[in-house]
$ cat start-v5.csv   # CSV, C-alpha atoms
chain,number,residue,atom,x,y,z
A,1,MET,CA,114.7,167.0,-49.5
A,2,LYS,CA,113.4,170.3,-51.0
A,3,THR,CA,111.7,170.1,-54.3
A,4,ALA,CA,111.6,172.9,-56.9
A,5,GLY,CA,108.0,173.6,-56.1
A,6,THR,CA,108.8,174.0,-52.4
A,7,SER,CA,111.7,176.4,-53.2
A,8,TRP,CA,109.5,178.6,-55.4
A,9,THR,CA,106.8,178.6,-52.8
A,10,ARG,CA,109.2,179.8,-50.1
A,11,ARG,CA,110.5,182.5,-52.4
A,12,LEU,CA,107.0,183.8,-53.2
A,13,ALA,CA,106.2,183.8,-49.5
A,14,LYS,CA,109.4,185.7,-48.6
A,15,GLY,CA,108.8,188.2,-51.4
A,16,TRP,CA,105.2,188.8,-50.2
A,17,LEU,CA,106.3,189.4,-46.7
A,18,ILE,CA,109.1,191.7,-47.8
A,19,LEU,CA,106.5,193.6,-49.9
A,20,LEU,CA,104.2,194.0,-46.8
A,21,VAL,CA,107.1,195.3,-44.7
A,22,LEU,CA,107.9,197.9,-47.3
A,23,VAL,CA,104.3,198.9,-47.6
A,24,ALA,CA,103.9,199.2,-43.9
A,25,LEU,CA,107.0,201.3,-43.5
A,26,GLY,CA,106.2,203.6,-46.4
A,27,ALA,CA,102.4,203.7,-46.0
A,28,ASP,CA,102.3,207.5,-45.5
A,29,TRP,CA,104.1,207.9,-48.8
A,30,ILE,CA,102.0,205.4,-50.6
A,31,ALA,CA,98.5,206.5,-49.5
A,32,ASN,CA,97.9,210.0,-48.2
A,33,ASP,CA,95.7,213.0,-48.9
A,34,ARG,CA,98.7,215.2,-48.5
A,35,PRO,CA,101.3,215.7,-51.3
A,36,ILE,CA,104.8,214.2,-50.9
A,37,ALA,CA,106.3,217.5,-52.0
A,38,ALA,CA,104.6,220.8,-53.0
A,39,SER,CA,105.6,224.3,-53.9
A,40,VAL,CA,103.5,227.0,-52.3
A,41,GLU,CA,104.3,230.6,-53.4
A,42,GLY,CA,107.7,229.5,-54.4
A,43,GLU,CA,108.4,227.7,-51.1
A,44,ILE,CA,109.0,223.9,-51.3
A,45,ARG,CA,107.2,221.9,-48.6
A,46,PHE,CA,107.1,218.2,-47.7
A,47,PRO,CA,103.7,217.7,-46.0
A,48,VAL,CA,103.9,213.9,-45.6
A,49,ALA,CA,107.3,214.0,-44.0
A,50,ALA,CA,106.3,216.9,-41.8
A,51,ASP,CA,103.2,215.0,-40.6
A,52,VAL,CA,105.2,211.9,-39.9
A,53,LEU,CA,107.7,213.9,-37.8
A,54,ARG,CA,104.8,215.5,-35.9
A,55,GLN,CA,103.3,212.1,-35.1
A,56,ILE,CA,106.5,210.8,-33.6
A,57,GLY,CA,107.0,213.9,-31.5
A,58,PHE,CA,109.3,216.0,-33.7
A,59,GLY,CA,108.3,219.2,-35.3
A,60,SER,CA,105.3,221.4,-34.6
A,61,ASN,CA,101.7,221.4,-35.7
A,62,SER,CA,102.5,224.6,-37.7
A,63,LEU,CA,104.2,222.4,-40.3
A,64,THR,CA,100.9,220.7,-41.2
A,65,LEU,CA,98.3,223.5,-40.8
A,66,THR,CA,96.9,223.0,-44.3
A,67,THR,CA,94.1,220.5,-43.9
A,68,ASP,CA,92.9,220.3,-47.5
A,69,TRP,CA,95.7,220.3,-50.0
A,70,TYR,CA,93.4,219.7,-52.9
A,71,GLN,CA,92.0,223.2,-52.4
A,72,ALA,CA,95.3,224.8,-51.5
A,73,LYS,CA,96.9,227.0,-54.2
A,74,THR,CA,100.1,225.3,-55.2
A,75,ASP,CA,102.6,225.9,-58.0
A,76,TRP,CA,103.1,222.2,-58.3
A,77,ALA,CA,102.5,219.1,-56.2
A,78,LEU,CA,103.8,215.5,-56.2
A,79,TRP,CA,101.1,213.2,-54.9
A,80,PRO,CA,101.4,209.7,-53.5
A,81,PRO,CA,100.3,206.8,-55.8
A,82,ILE,CA,97.0,206.6,-53.8
A,83,PRO,CA,96.0,210.2,-52.9
A,84,TYR,CA,93.7,209.1,-50.1
A,85,ASP,CA,94.4,208.2,-46.5
A,86,GLY,CA,91.7,205.5,-45.9
A,87,VAL,CA,90.0,207.4,-43.1
A,88,ARG,CA,88.6,210.6,-44.5
A,89,SER,CA,85.4,210.4,-46.4
A,90,ASP,CA,84.8,211.4,-50.0
A,91,LEU,CA,81.0,211.8,-49.8
A,92,THR,CA,80.8,212.6,-53.5
A,93,ASN,CA,81.8,209.0,-54.2
A,94,GLY,CA,80.1,207.4,-51.3
A,95,GLY,CA,77.4,204.7,-51.4
A,96,PHE,CA,79.6,201.7,-52.1
A,97,LEU,CA,81.1,202.5,-55.5
A,98,SER,CA,82.8,199.5,-57.1
A,99,PRO,CA,86.2,199.7,-58.7
A,100,PHE,CA,84.5,199.7,-62.2
A,101,ALA,CA,81.7,202.2,-61.4
A,102,ALA,CA,81.6,205.8,-62.7
A,103,GLN,CA,83.3,208.1,-60.1
A,104,ASP,CA,83.0,211.8,-59.8
A,105,THR,CA,86.6,212.6,-58.6
A,106,GLY,CA,87.3,215.7,-60.7
A,107,GLU,CA,91.1,216.2,-60.8
A,108,ARG,CA,91.6,213.6,-58.1
A,109,ALA,CA,92.6,210.1,-59.0
A,110,ARG,CA,90.0,207.3,-59.1
A,111,HIS,CA,89.3,205.0,-56.2
A,112,LEU,CA,91.1,202.0,-57.8
A,113,LEU,CA,89.5,199.4,-55.5
A,114,GLY,CA,86.2,201.2,-54.8
A,115,THR,CA,84.8,202.9,-51.8
A,116,ASP,CA,82.6,202.1,-48.8
A,117,ARG,CA,79.4,203.7,-47.7
A,118,LEU,CA,81.1,207.0,-46.7
A,119,GLY,CA,83.4,207.1,-49.6
A,120,ARG,CA,86.5,205.9,-47.8
A,121,ASP,CA,89.1,204.6,-50.2
A,122,VAL,CA,89.5,200.8,-50.0
A,123,ALA,CA,93.1,200.7,-51.5
A,124,ALA,CA,94.3,203.2,-48.9
A,125,GLY,CA,92.6,201.2,-46.1
A,126,LEU,CA,94.5,198.1,-47.3
A,127,VAL,CA,97.8,200.0,-47.2
A,128,TYR,CA,97.3,201.2,-43.6
A,129,GLY,CA,95.8,197.9,-42.6
A,130,THR,CA,99.1,196.3,-43.5
A,131,ARG,CA,100.9,198.4,-40.9
A,132,VAL,CA,98.4,197.3,-38.2
A,133,ALA,CA,98.5,193.6,-39.2
A,134,LEU,CA,102.3,193.5,-39.1
A,135,PHE,CA,102.5,195.4,-35.8
A,136,VAL,CA,100.1,193.1,-34.1
A,137,GLY,CA,101.8,190.0,-35.5
A,138,VAL,CA,105.3,191.1,-34.7
A,139,GLY,CA,104.3,192.4,-31.2
A,140,ALA,CA,102.5,189.2,-30.3
A,141,VAL,CA,105.5,187.1,-31.5
A,142,PHE,CA,107.9,189.3,-29.5
A,143,ILE,CA,105.9,189.0,-26.2
A,144,GLY,CA,105.2,185.3,-26.7
A,145,LEU,CA,108.9,184.6,-27.4
A,146,LEU,CA,110.0,186.7,-24.4
A,147,LEU,CA,107.8,184.9,-22.0
A,148,GLY,CA,107.8,181.4,-23.6
A,149,ILE,CA,111.6,181.1,-24.1
A,150,SER,CA,112.4,182.5,-20.7
A,151,LEU,CA,110.1,180.2,-18.8
A,152,GLY,CA,110.5,177.2,-21.0
A,153,SER,CA,114.3,177.2,-21.1
A,154,ILE,CA,114.5,177.6,-17.3
A,155,GLY,CA,112.1,174.8,-16.6
A,156,GLY,CA,113.6,172.4,-19.2
A,157,PHE,CA,117.3,173.1,-18.5
A,158,PHE,CA,117.3,173.3,-14.7
A,159,GLY,CA,114.4,170.9,-13.9
A,160,ASN,CA,113.3,170.8,-10.3
A,161,ARG,CA,116.6,170.7,-8.6
A,162,GLY,CA,119.1,172.4,-10.9
A,163,LEU,CA,118.3,176.0,-9.9
A,164,ARG,CA,119.3,176.9,-6.3
A,165,LEU,CA,118.6,180.2,-4.6
A,166,ARG,CA,119.1,181.5,-1.0
A,167,TRP,CA,116.1,181.8,1.1
A,168,SER,CA,116.8,185.5,1.7
A,169,ARG,CA,116.7,186.2,-2.0
A,170,LEU,CA,113.7,184.0,-2.6
A,171,ILE,CA,111.6,185.6,0.2
A,172,GLY,CA,112.9,189.1,-0.6
A,173,PHE,CA,112.0,189.1,-4.3
A,174,ALA,CA,108.7,187.4,-3.6
A,175,CYS,CA,107.7,190.1,-1.1
A,176,GLY,CA,109.1,192.8,-3.4
A,177,LEU,CA,107.0,191.5,-6.4
A,178,LEU,CA,103.8,191.4,-4.3
A,179,VAL,CA,104.2,194.8,-2.6
A,180,GLY,CA,105.6,196.5,-5.8
A,181,SER,CA,102.8,195.3,-8.0
A,182,VAL,CA,100.0,196.3,-5.5
A,183,TYR,CA,101.6,199.7,-5.0
A,184,SER,CA,102.1,200.4,-8.7
A,185,ILE,CA,98.5,199.4,-9.6
A,186,THR,CA,96.9,201.3,-6.8
A,187,ALA,CA,99.1,204.4,-7.2
A,188,LEU,CA,99.0,204.7,-11.0
A,189,ALA,CA,95.8,203.1,-12.2
A,190,PRO,CA,93.5,206.0,-11.2
A,191,TYR,CA,95.6,208.4,-13.3
A,192,VAL,CA,96.2,206.3,-16.5
A,193,GLN,CA,93.0,204.3,-16.3
A,194,LEU,CA,94.6,201.3,-18.0
A,195,GLU,CA,95.1,203.4,-21.2
A,196,ASN,CA,98.8,202.6,-21.0
A,197,PRO,CA,99.1,199.2,-19.3
A,198,LEU,CA,102.7,198.8,-20.5
A,199,PHE,CA,103.8,201.9,-18.5
A,200,ILE,CA,102.1,200.4,-15.4
A,201,GLY,CA,103.9,197.1,-16.0
A,202,LEU,CA,107.3,198.6,-16.4
A,203,PHE,CA,106.8,200.8,-13.4
A,204,ALA,CA,105.7,197.8,-11.3
A,205,LEU,CA,108.7,195.8,-12.5
A,206,ALA,CA,111.1,198.6,-11.5
A,207,VAL,CA,109.5,199.1,-8.1
A,208,SER,CA,109.4,195.3,-7.4
A,209,GLY,CA,113.1,195.0,-8.4
A,210,LEU,CA,114.2,197.7,-6.1
A,211,LEU,CA,112.1,196.4,-3.2
A,212,GLY,CA,113.4,192.9,-3.9
A,213,ILE,CA,117.0,194.0,-3.7
A,214,LEU,CA,116.4,195.9,-0.5
A,215,LEU,CA,114.4,193.1,1.2
A,216,SER,CA,116.9,190.5,0.1
A,217,TRP,CA,119.8,192.4,1.7
A,218,LEU,CA,117.7,192.7,5.0
A,219,PHE,CA,116.8,189.0,5.1
A,220,ASN,CA,120.4,188.1,4.3
A,221,GLN,CA,121.4,189.4,7.7
A,222,PHE,CA,119.9,186.3,9.2
A,223,SER,CA,122.2,183.3,9.0
A,224,ARG,CA,119.4,180.7,8.7
A,225,LEU,CA,118.1,182.5,5.5
A,226,ARG,CA,121.5,182.3,3.8
A,227,GLU,CA,121.1,178.5,3.1
A,228,PRO,CA,120.3,177.7,-0.5
A,229,VAL,CA,117.1,175.9,-1.5
A,230,ALA,CA,116.3,174.0,-4.8
A,231,LEU,CA,113.6,175.7,-6.7
A,232,PRO,CA,111.0,173.4,-8.4
A,233,THR,CA,111.1,175.6,-11.6
A,234,ASP,CA,110.0,172.9,-14.0
A,235,SER,CA,106.9,172.1,-11.9
A,236,VAL,CA,106.0,175.8,-11.6
A,237,VAL,CA,106.4,176.3,-15.3
A,238,LEU,CA,104.2,173.3,-16.1
A,239,GLN,CA,101.5,174.6,-13.8
A,240,LEU,CA,101.6,178.0,-15.3
A,241,ILE,CA,101.3,176.4,-18.8
A,242,GLU,CA,98.3,174.4,-17.7
A,243,ILE,CA,96.6,177.4,-16.3
A,244,PHE,CA,97.0,179.5,-19.4
A,245,VAL,CA,96.2,176.7,-21.8
A,246,ASN,CA,92.8,176.2,-20.1
A,247,ILE,CA,91.9,179.9,-20.4
A,248,PRO,CA,89.5,180.4,-23.4
A,249,GLY,CA,91.5,182.8,-25.7
A,250,LEU,CA,88.5,184.6,-27.2
A,251,ILE,CA,86.8,185.1,-23.9
A,252,PHE,CA,90.1,186.4,-22.4
A,253,LEU,CA,90.5,188.8,-25.3
A,254,LEU,CA,87.0,190.1,-25.0
A,255,ALA,CA,87.3,190.6,-21.2
A,256,VAL,CA,90.5,192.6,-21.5
A,257,LEU,CA,89.2,194.7,-24.4
A,258,SER,CA,86.1,195.5,-22.5
A,259,LEU,CA,88.1,196.8,-19.5
A,260,ALA,CA,90.1,199.1,-21.7
A,261,PRO,CA,88.5,202.6,-22.3
A,262,GLN,CA,89.7,202.4,-25.9
A,263,PRO,CA,91.4,199.3,-27.3
A,264,SER,CA,94.8,200.0,-28.9
A,265,ILE,CA,97.1,198.1,-31.3
A,266,GLY,CA,99.6,197.6,-28.5
A,267,LEU,CA,97.1,196.2,-26.1
A,268,LEU,CA,95.8,193.8,-28.7
A,269,ALA,CA,99.4,192.6,-29.5
A,270,ALA,CA,100.2,192.3,-25.8
A,271,VAL,CA,97.1,190.2,-25.0
A,272,THR,CA,97.6,187.9,-28.0
A,273,GLY,CA,101.3,187.4,-27.1
A,274,VAL,CA,100.4,186.5,-23.5
A,275,LEU,CA,97.9,183.9,-24.8
A,276,SER,CA,100.5,182.4,-27.2
A,277,TRP,CA,103.5,182.0,-24.8
A,278,PRO,CA,102.4,178.5,-23.4
A,279,THR,CA,102.9,176.8,-26.8
A,280,ILE,CA,106.3,178.4,-27.2
A,281,ALA,CA,107.3,177.5,-23.6
A,282,ARG,CA,106.3,173.8,-24.2
A,283,PHE,CA,108.4,173.5,-27.3
A,284,THR,CA,111.3,175.2,-25.7
A,285,ARG,CA,111.1,173.1,-22.6
A,286,ALA,CA,110.9,169.9,-24.7
A,287,GLU,CA,114.0,170.9,-26.7
A,288,LEU,CA,116.0,171.8,-23.6
A,289,LEU,CA,115.1,168.5,-21.9
A,290,ARG,CA,116.7,166.8,-24.9
A,291,ILE,CA,119.7,169.1,-25.3
A,292,ARG,CA,120.7,169.1,-21.6
A,293,SER,CA,121.4,165.4,-21.8
A,294,LEU,CA,123.8,165.7,-24.7
A,295,PRO,CA,127.5,165.0,-24.1
A,296,TYR,CA,128.8,168.5,-24.9
A,297,ILE,CA,126.4,170.1,-22.3
A,298,ARG,CA,127.4,167.6,-19.6
A,299,THR,CA,131.1,168.2,-20.4
A,300,ALA,CA,130.7,172.0,-20.2
A,301,LEU,CA,128.9,171.7,-16.8
A,302,GLY,CA,131.5,169.2,-15.6
A,303,ASN,CA,134.3,171.7,-16.4
A,304,GLY,CA,132.8,174.2,-14.0
A,305,ILE,CA,131.3,176.6,-16.6
A,306,SER,CA,128.3,178.6,-15.2
A,307,PRO,CA,125.0,176.8,-15.9
A,308,TRP,CA,123.5,180.2,-17.1
A,309,ARG,CA,126.4,180.6,-19.6
A,310,VAL,CA,125.9,177.0,-20.8
A,311,LEU,CA,122.2,177.7,-21.2
A,312,THR,CA,122.4,181.0,-23.1
A,313,HIS,CA,125.6,180.3,-25.2
A,314,HIS,CA,125.3,176.6,-26.0
A,315,ALA,CA,121.9,175.0,-25.2
A,316,LEU,CA,119.4,177.7,-26.1
A,317,PRO,CA,120.7,178.6,-29.6
A,318,ASN,CA,120.3,175.0,-30.6
A,319,ALA,CA,116.7,175.0,-29.7
A,320,PHE,CA,115.6,177.8,-32.0
A,321,GLY,CA,115.1,175.7,-35.1
A,322,PRO,CA,111.9,173.9,-34.1
A,323,LEU,CA,110.5,177.1,-32.7
A,324,LEU,CA,110.1,178.6,-36.2
A,325,VAL,CA,107.0,176.6,-36.7
A,326,VAL,CA,105.4,177.8,-33.5
A,327,VAL,CA,106.5,181.4,-34.2
A,328,ALA,CA,104.8,181.3,-37.6
A,329,PHE,CA,101.5,180.0,-36.2
A,330,THR,CA,101.7,182.7,-33.4
A,331,ALA,CA,102.1,185.5,-36.0
A,332,GLY,CA,99.3,184.1,-38.2
A,333,SER,CA,97.0,183.6,-35.2
A,334,ALA,CA,97.6,187.2,-34.1
A,335,ILE,CA,96.7,188.6,-37.5
A,336,LEU,CA,93.6,186.4,-37.7
A,337,ALA,CA,92.6,187.5,-34.2
A,338,GLU,CA,92.8,191.2,-35.1
A,339,GLY,CA,90.8,190.7,-38.2
A,340,PHE,CA,88.2,188.6,-36.4
A,341,LEU,CA,87.7,191.1,-33.6
A,342,SER,CA,87.5,194.1,-35.9
A,343,PHE,CA,85.1,192.2,-38.1
A,344,LEU,CA,82.8,191.7,-35.1
A,345,GLY,CA,83.2,195.4,-34.2
A,346,ILE,CA,84.9,194.8,-30.8
A,347,GLY,CA,88.5,195.3,-31.8
A,348,LEU,CA,90.2,198.5,-32.8
A,349,PRO,CA,88.1,201.7,-33.2
A,350,ASN,CA,86.3,202.3,-36.4
A,351,ASP,CA,88.5,205.2,-37.4
A,352,VAL,CA,91.6,202.9,-37.6
A,353,ALA,CA,91.9,201.4,-41.0
A,354,THR,CA,92.5,197.6,-40.7
A,355,TRP,CA,91.7,194.6,-42.9
A,356,GLY,CA,89.2,193.4,-40.3
A,357,THR,CA,87.5,196.9,-40.3
A,358,LEU,CA,87.1,196.7,-44.1
A,359,LEU,CA,85.6,193.2,-43.8
A,360,ARG,CA,83.1,194.5,-41.3
A,361,ARG,CA,82.0,197.3,-43.6
A,362,SER,CA,81.1,194.6,-46.2
A,363,ARG,CA,78.3,193.5,-43.8
A,364,GLU,CA,76.5,196.8,-44.4
A,365,GLN,CA,76.1,195.9,-48.1
A,366,PRO,CA,76.5,192.3,-49.1
A,367,LEU,CA,76.7,193.2,-52.8
A,368,ALA,CA,79.9,195.2,-52.1
A,369,TRP,CA,82.1,192.3,-53.1
A,370,TRP,CA,85.3,194.5,-53.2
A,371,LEU,CA,85.0,195.1,-49.4
A,372,ALA,CA,85.2,191.4,-48.7
A,373,ILE,CA,87.5,190.0,-51.4
A,374,PHE,CA,90.5,192.4,-51.2
A,375,PRO,CA,91.0,192.4,-47.4
A,376,GLY,CA,90.1,188.7,-47.3
A,377,LEU,CA,92.9,188.0,-49.8
A,378,MET,CA,95.4,190.1,-47.8
A,379,ILE,CA,94.7,188.2,-44.6
A,380,THR,CA,94.8,184.8,-46.4
A,381,LEU,CA,98.0,185.4,-48.3
A,382,THR,CA,99.8,186.9,-45.3
A,383,VAL,CA,98.9,184.0,-43.0
A,384,LEU,CA,99.9,181.4,-45.7
A,385,ALA,CA,103.2,183.2,-46.4
A,386,VAL,CA,104.1,183.3,-42.7
A,387,GLN,CA,103.3,179.6,-42.3
A,388,VAL,CA,105.2,178.6,-45.4
A,389,LEU,CA,108.3,180.4,-44.2
A,390,GLY,CA,107.9,179.0,-40.7
A,391,GLY,CA,107.6,175.4,-42.0
A,392,ARG,CA,110.5,173.1,-41.5
A,393,ARG,CA,112.9,172.5,-44.3
A,394,GLU,CA,113.1,168.8,-45.2

$ encode --input "start-v5.csv" --output "structure tokens"
Amino acid sequence: MKTAGTSWTRRLAKGWLILLVLVALGADWIANDRPIAASVEGEIRFPVAADVLRQIGFGSNSLTLTTDWYQAKTDWALWPPIPYDGVRSDLTNGGFLSPFAAQDTGERARHLLGTDRLGRDVAAGLVYGTRVALFVGVGAVFIGLLLGISLGSIGGFFGNRGLRLRWSRLIGFACGLLVGSVYSITALAPYVQLENPLFIGLFALAVSGLLGILLSWLFNQFSRLREPVALPTDSVVLQLIEIFVNIPGLIFLLAVLSLAPQPSIGLLAAVTGVLSWPTIARFTRAELLRIRSLPYIRTALGNGISPWRVLTHHALPNAFGPLLVVVAFTAGSAILAEGFLSFLGIGLPNDVATWGTLLRRSREQPLAWWLAIFPGLMITLTVLAVQVLGGRRE
């Protein structure tokens, strides 16, 4: 039974996460050293919007040629609430200025939450760090759910004898996966140098699928290979879970990041998601083992409905409830992992504003309390909010 305190806690958590999403989406309009709108010689320009369009591939660099809008001659300018971007230095106000210290900003706004050693604005760093934290958390959850639900549901619903496949298809796709993966890695790795592992993975998947279809058709010409065989899917899934559970997460993260020429947000989210799928798979498998023995599932299968349709339309939707707790812990763990790695200096590059990067800068000056308290509060409140919303309702 929900109490009034629990209801208010969930509302606060939901409001905090909604606020973070809005800040992440509008970070360029909240903290930027370019004006939102400005009039130059009677011509109205929108520098922030032009820069965002350029970053996503639309527009040209000529739209953002002005690099220092504070020195540009404008008729008028509408600035963001925080007129700093969290990366560029304000050396005049460097040297770890606290939020209450005297600041020589001239016509520019104060650094509301202080600066670091190079004069980078802490408030702007928190704004852009919100985008990184949410991207890592959501990306890790998406990859973990994709792998965990797929493997866990197949293992729990079909067991070791429920999924049957022809020998021709089994051998064909197995050979296609092996040959396609080896070909893709050897053919593309020298060119991309693991800077874009997602592209290599998608290309390998496409090549493996095409080879699998071709080899399956060839093997299907032999009558002996047309006989179906029961796949021990549950045993395979359990073995994969045991293997990944016994991999030390931190060591695996460090190994992958050390192989990458330059760690990226996408790579960090992908690795964290790969490490989190076994927990999701175990919960999904346990729920499907319970659900598949219910009367309505047995009735649907007895009436000749396709097992895949029963799984996707009836069994799997009823297993999502308990997964909310696991999803919440996955998102929180991903955010903590990014902050931890950036704090150690082995995560994202130093020129990427993240909450963990701000925490790392506090090590340079232990008396700079604002560099530890503000990002620490952001990480703590975000992880708590995610776990409160992910908790089961009584």

$ axis_aligned_box --input "start-v5.csv" --around "range 66-83 of chain A" --padding-each-side "5 Å" --output "lines of an AutoDock Vina configuration file"
center_x = 97.9
center_y = 216.8
center_z = -51.1
size_x = 21.8
size_y = 30.4
size_z = 24.4

$ closest_residue --input "start-v5.csv" --among "A:Gly172, A:Pro228, A:Gly180, A:Ala101" --to "Ser216 in chain A" --atoms "only C-alpha atoms"
A:Gly172

$ closest_residue --input "start-v5.csv" --among "A:Ala109, A:Gln71, A:Leu268, A:Val325" --to "Gly339 in chain A" --atoms "all atoms listed in the file"
A:Leu268

$ closest_residue --input "start-v5.csv" --among "A:Leu371, A:Ile154, A:Val52, A:Val386" --to "Leu97 in chain A" --atoms "all atoms listed in the file"
A:Leu371

$ residues_around --input "start-v5.csv" --residues "range 125-137 of chain A" --least-positions-apart "6" --cutoff "6 Å" --atoms "all atoms listed in the file" --output "list in words"
Ala24, Gly86, Ala269, Ala331, Ala334, Ile335, Ala353, Thr354 and Trp355 of chain A

$ residues_around --input "start-v5.csv" --residues "Asp90 in chain A" --least-positions-apart "4" --cutoff "7 Å" --atoms "only C-alpha atoms" --output "ChimeraX atom specification"
/A:94,118-120

$ residues_around --input "start-v5.csv" --residues "range 138-146 of chain A" --least-positions-apart "3" --cutoff "9 Å" --atoms "all atoms listed in the file" --output "list in words"
Ala133, Leu134, Phe135, Ile149, Ser150, Leu151, Gly266, Leu268, Ala269, Ala270, Val271, Thr272, Gly273, Val274, Leu275, Ser276, Trp277, Pro278, Thr279, Ile280, Ala281, Val327, Ala328, Thr330, Ala331 and Ala334 of chain A

$ closest_residue --input "start-v5.csv" --among "A:Leu19, A:Leu91, A:Ile346, A:Leu289" --to "Thr105 in chain A" --atoms "only C-alpha atoms"
A:Leu91

$ decode --input "start-v5.csv" --residues "range 137-154 of chain A" --atoms "N, CA and C atoms" --output "mmCIF file, in the first residue's frame"
data_model
loop_
_atom_site.group_PDB
_atom_site.id
_atom_site.type_symbol
_atom_site.label_atom_id
_atom_site.label_comp_id
_atom_site.auth_asym_id
_atom_site.auth_seq_id
_atom_site.Cartn_x
_atom_site.Cartn_y
_atom_site.Cartn_z
ATOM 1 N N GLY A 137 23.360 6.594 -19.524
ATOM 2 C CA GLY A 137 22.379 5.783 -18.819
ATOM 3 C C GLY A 137 21.348 5.172 -19.747
ATOM 4 N N VAL A 138 20.783 5.980 -20.644
ATOM 5 C CA VAL A 138 19.764 5.472 -21.566
ATOM 6 C C VAL A 138 20.384 4.486 -22.557
ATOM 7 N N GLY A 139 21.587 4.782 -23.050
ATOM 8 C CA GLY A 139 22.241 3.867 -23.986
ATOM 9 C C GLY A 139 22.540 2.523 -23.364
ATOM 10 N N ALA A 140 23.033 2.530 -22.127
ATOM 11 C CA ALA A 140 23.322 1.267 -21.448
ATOM 12 C C ALA A 140 22.050 0.463 -21.210
ATOM 13 N N VAL A 141 20.975 1.147 -20.824
ATOM 14 C CA VAL A 141 19.704 0.450 -20.596
ATOM 15 C C VAL A 141 19.175 -0.146 -21.895
ATOM 16 N N PHE A 142 19.263 0.609 -22.990
ATOM 17 C CA PHE A 142 18.759 0.120 -24.274
ATOM 18 C C PHE A 142 19.509 -1.133 -24.722
ATOM 19 N N ILE A 143 20.837 -1.098 -24.649
ATOM 20 C CA ILE A 143 21.623 -2.260 -25.080
ATOM 21 C C ILE A 143 21.405 -3.433 -24.129
ATOM 22 N N GLY A 144 21.365 -3.151 -22.825
ATOM 23 C CA GLY A 144 21.122 -4.220 -21.865
ATOM 24 C C GLY A 144 19.762 -4.872 -22.051
ATOM 25 N N LEU A 145 18.726 -4.049 -22.308
ATOM 26 C CA LEU A 145 17.388 -4.610 -22.544
ATOM 27 C C LEU A 145 17.340 -5.396 -23.846
ATOM 28 N N LEU A 146 17.985 -4.878 -24.879
ATOM 29 C CA LEU A 146 17.961 -5.556 -26.173
ATOM 30 C C LEU A 146 18.556 -6.957 -26.071
ATOM 31 N N LEU A 147 19.713 -7.058 -25.410
ATOM 32 C CA LEU A 147 20.354 -8.363 -25.271
ATOM 33 C C LEU A 147 19.680 -9.222 -24.205
ATOM 34 N N GLY A 148 19.397 -8.621 -23.063
ATOM 35 C CA GLY A 148 18.870 -9.389 -21.935
ATOM 36 C C GLY A 148 17.480 -9.940 -22.184
ATOM 37 N N ILE A 149 16.577 -9.109 -22.714
ATOM 38 C CA ILE A 149 15.214 -9.584 -22.962
ATOM 39 C C ILE A 149 15.200 -10.618 -24.082
ATOM 40 N N SER A 150 15.990 -10.391 -25.128
ATOM 41 C CA SER A 150 16.006 -11.338 -26.244
ATOM 42 C C SER A 150 16.472 -12.716 -25.788
ATOM 43 N N LEU A 151 17.634 -12.767 -25.136
ATOM 44 C CA LEU A 151 18.180 -14.059 -24.729
ATOM 45 C C LEU A 151 17.402 -14.673 -23.566
ATOM 46 N N GLY A 152 17.027 -13.852 -22.582
ATOM 47 C CA GLY A 152 16.304 -14.377 -21.424
ATOM 48 C C GLY A 152 14.931 -14.916 -21.780
ATOM 49 N N SER A 153 14.222 -14.226 -22.670
ATOM 50 C CA SER A 153 12.885 -14.690 -23.039
ATOM 51 C C SER A 153 12.946 -15.970 -23.860
ATOM 52 N N ILE A 154 13.908 -16.072 -24.763
ATOM 53 C CA ILE A 154 14.036 -17.294 -25.568
ATOM 54 C C ILE A 154 14.400 -18.485 -24.687
#
